[in-house]
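Containing PDB, C-alpha atoms: run_17.pdb.
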ATOM      1  CA  MET A1333       7.964  15.731  13.753  1.00  0.00           C
ATOM      2  CA  HIS A1334       5.147  17.888  12.413  1.00  0.00           C
ATOM      3  CA  SER A1335       1.629  16.547  12.765  1.00  0.00           C
ATOM      4  CA  ASN A1336       1.282  16.174   8.989  1.00  0.00           C
ATOM      5  CA  GLU A1337       4.504  14.200   8.567  1.00  0.00           C
ATOM      6  CA  ARG A1338       4.197  10.446   8.690  1.00  0.00           C
ATOM      7  CA  GLN A1339       6.769   7.988   9.870  1.00  0.00           C
ATOM      8  CA  ARG A1340       8.041   5.470   7.352  1.00  0.00           C
ATOM      9  CA  ARG A1341       7.343   1.869   8.274  1.00  0.00           C
ATOM     10  CA  SER A1342      10.426   0.050   9.548  1.00  0.00           C
ATOM     11  CA  ASP A1343       9.089  -3.331   8.375  1.00  0.00           C
ATOM     12  CA  GLU A1344      10.193  -3.253   4.742  1.00  0.00           C
ATOM     13  CA  ARG A1345       8.125  -6.296   3.703  1.00  0.00           C
ATOM     14  CA  THR A1346       4.925  -4.736   5.023  1.00  0.00           C
ATOM     15  CA  ALA A1347       5.822  -1.322   3.603  1.00  0.00           C
ATOM     16  CA  ASN A1348       6.344  -2.822   0.146  1.00  0.00           C
ATOM     17  CA  ALA A1349       3.100  -4.830   0.350  1.00  0.00           C
ATOM     18  CA  VAL A1350       1.189  -1.680   1.320  1.00  0.00           C
ATOM     19  CA  ALA A1351       2.833   0.308  -1.509  1.00  0.00           C
ATOM     20  CA  ARG A1352       1.829  -2.365  -4.002  1.00  0.00           C
ATOM     21  CA  GLY A1353      -1.661  -2.515  -2.486  1.00  0.00           C
ATOM     22  CA  LEU A1354      -2.036   1.227  -3.019  1.00  0.00           C
ATOM     23  CA  ASN A1355      -0.898   0.830  -6.622  1.00  0.00           C
ATOM     24  CA  ILE A1356      -3.550  -1.856  -7.044  1.00  0.00           C
ATOM     25  CA  LEU A1357      -6.095   0.532  -5.522  1.00  0.00           C
ATOM     26  CA  ALA A1358      -5.143   3.160  -8.111  1.00  0.00           C
ATOM     27  CA  VAL A1359      -5.706   0.836 -11.072  1.00  0.00           C
ATOM     28  CA  ARG A1360      -8.421  -1.515  -9.770  1.00  0.00           C
ATOM     29  CA  ASP A1361     -10.502  -1.005  -6.630  1.00  0.00           C
ATOM     30  CA  ALA A1362     -10.392  -1.222  -2.840  1.00  0.00           C
ATOM     31  CA  GLY A1363     -11.615  -4.827  -2.768  1.00  0.00           C
ATOM     32  CA  VAL A1364      -8.748  -6.067  -4.915  1.00  0.00           C
ATOM     33  CA  ALA A1365      -6.230  -3.946  -2.959  1.00  0.00           C
ATOM     34  CA  ARG A1366      -7.588  -5.246   0.357  1.00  0.00           C
ATOM     35  CA  GLY A1367      -7.426  -8.840  -0.905  1.00  0.00           C
ATOM     36  CA  TYR A1368      -3.809  -8.437  -1.990  1.00  0.00           C
ATOM     37  CA  MET A1369      -2.772  -6.920   1.337  1.00  0.00           C
ATOM     38  CA  GLN A1370      -4.594  -9.652   3.280  1.00  0.00           C
ATOM     39  CA  HIS A1371      -2.852 -12.270   1.116  1.00  0.00           C
ATOM     40  CA  THR A1372       0.533 -10.733   1.951  1.00  0.00           C
ATOM     41  CA  ASN A1373      -0.275 -10.696   5.695  1.00  0.00           C
ATOM     42  CA  VAL A1374      -0.485  -6.947   6.150  1.00  0.00           C
ATOM     43  CA  PRO A1375      -2.109  -6.402   9.566  1.00  0.00           C
ATOM     44  CA  ARG A1376      -5.848  -5.648   9.375  1.00  0.00           C
ATOM     45  CA  ASP A1377      -5.486  -2.336  11.218  1.00  0.00           C
ATOM     46  CA  VAL A1378      -2.902  -1.189   8.665  1.00  0.00           C
ATOM     47  CA  ILE A1379      -5.129  -2.226   5.764  1.00  0.00           C
ATOM     48  CA  ALA A1380      -8.059  -0.326   7.270  1.00  0.00           C
ATOM     49  CA  ARG A1381      -5.935   2.775   7.856  1.00  0.00           C
ATOM     50  CA  VAL A1382      -4.443   2.968   4.370  1.00  0.00           C
ATOM     51  CA  LEU A1383      -7.701   2.214   2.560  1.00  0.00           C
ATOM     52  CA  ASP A1384     -10.186   4.060   4.739  1.00  0.00           C
ATOM     53  CA  GLN A1385      -8.117   7.027   5.940  1.00  0.00           C
ATOM     54  CA  PRO A1386      -5.905   8.261   3.074  1.00  0.00           C
ATOM     55  CA  ALA A1387      -4.709  11.281   5.059  1.00  0.00           C
ATOM     56  CA  LEU A1388      -3.034   8.922   7.548  1.00  0.00           C
ATOM     57  CA  ARG A1389      -0.990   7.007   4.981  1.00  0.00           C
ATOM     58  CA  ARG A1390       2.752   6.962   5.407  1.00  0.00           C
ATOM     59  CA  ARG A1391       4.852   8.230   2.558  1.00  0.00           C
ATOM     60  CA  GLU A1392       6.499   5.642   0.382  1.00  0.00           C
ATOM     61  CA  SER A1393      10.184   5.866  -0.340  1.00  0.00           C
ATOM     62  CA  ALA A1394      11.450   6.773  -3.807  1.00  0.00           C
ATOM     63  CA  GLY A1395      12.624   3.188  -4.213  1.00  0.00           C
ATOM     64  CA  GLN A1396       9.184   1.820  -3.376  1.00  0.00           C
ATOM     65  CA  SER A1397       7.464   4.067  -5.872  1.00  0.00           C
ATOM     66  CA  VAL A1398       9.611   2.479  -8.588  1.00  0.00           C
ATOM     67  CA  SER A1399       9.967  -1.102  -7.334  1.00  0.00           C
ATOM     68  CA  GLU A1400       6.306  -1.522  -6.433  1.00  0.00           C
ATOM     69  CA  ALA A1401       4.945   0.015  -9.618  1.00  0.00           C
ATOM     70  CA  ILE A1402       2.424  -2.084 -11.465  1.00  0.00           C
ATOM     71  CA  SER A1403       2.820  -2.572 -15.172  1.00  0.00           C
ATOM     72  CA  PRO A1404      -0.377  -3.049 -17.137  1.00  0.00           C
ATOM     73  CA  SER A1405      -1.036  -6.616 -18.198  1.00  0.00           C
ATOM     74  CA  PRO A1406      -1.271  -7.262 -21.908  1.00  0.00           C
ATOM     75  CA  ALA A1407      -4.834  -7.432 -23.172  1.00  0.00           C
ATOM     76  CA  ASP A1408      -6.252 -10.921 -23.305  1.00  0.00           C
ATOM     77  CA  ASP A1409      -7.775 -11.398 -26.735  1.00  0.00           C
ATOM     78  CA  GLY A1410      -9.002 -14.885 -26.014  1.00  0.00           C
TER      79      GLY A1410
END

Please, can you express the file's structure as structure tokens?
Amino acid sequence: MHSNERQRRSDERTANAVARGLNILAVRDAGVARGYMQHTNVPRDVIARVLDQPALRRRESAGQSVSEAISPSPADDG
């Protein structure tokens, strides 16, 4: 394995929670992403790595990029 290639996580539940957390990061902020990942029991060291060290993130699978996508919520007019 080359030094710039990252291993995919074998724990699918955690991998999906991290993928969704990163989607949340993209549309909200790190605090909301961190809160979601803590809520879904992603280990603290993993949360710190993916939020604080983007170069060390593992690649998500093609399926995760689709299944963990976040759809915008409808605007709340009330």

Which residue of A:Tyr1368, A:Leu1354, A:Thr1346, A:Arg1360 approaches Leu1383 (chain A) most closely, using only C-alpha atoms: A:Leu1354

Need the shell around Val1378 (chain A): protein/DNA/RNA residues with any atom at most 12 Å away, counting all atoms listed in the file. Skip same-chain ones fewer than 5 positions apart. Format as a tab-separated table (two decimals) with C-alpha atoms, keeping the file's coordinate frame?
chain	number	residue	atom	x	y	z
A	1341	ARG	CA	7.34	1.87	8.27
A	1346	THR	CA	4.92	-4.74	5.02
A	1347	ALA	CA	5.82	-1.32	3.60
A	1349	ALA	CA	3.10	-4.83	0.35
A	1350	VAL	CA	1.19	-1.68	1.32
A	1351	ALA	CA	2.83	0.31	-1.51
A	1353	GLY	CA	-1.66	-2.52	-2.49
A	1354	LEU	CA	-2.04	1.23	-3.02
A	1366	ARG	CA	-7.59	-5.25	0.36
A	1369	MET	CA	-2.77	-6.92	1.34
A	1370	GLN	CA	-4.59	-9.65	3.28
A	1373	ASN	CA	-0.28	-10.70	5.70
A	1383	LEU	CA	-7.70	2.21	2.56
A	1384	ASP	CA	-10.19	4.06	4.74
A	1385	GLN	CA	-8.12	7.03	5.94
A	1386	PRO	CA	-5.90	8.26	3.07
A	1388	LEU	CA	-3.03	8.92	7.55
A	1389	ARG	CA	-0.99	7.01	4.98
A	1390	ARG	CA	2.75	6.96	5.41

Between CA of Ala1387 (chain A) and CA of Arg1345 (chain A) - distance in Å to one decimal: 21.8 Å

Using the file's own x, y and z axes, what box holds all listed atoms of region 1368-1380 of chain A with 8 Å on each side, keeping edges along x, y and z, and what are its centre and edge lengths in Å to one decimal, as AutoDock Vina command-line options?
--center_x -3.8 --center_y -6.3 --center_z 4.6 --size_x 24.6 --size_y 27.9 --size_z 29.2

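Put simply, CA of Glu1344 (chain A) is 22.8 Å away from CA of Val1359 (chain A).
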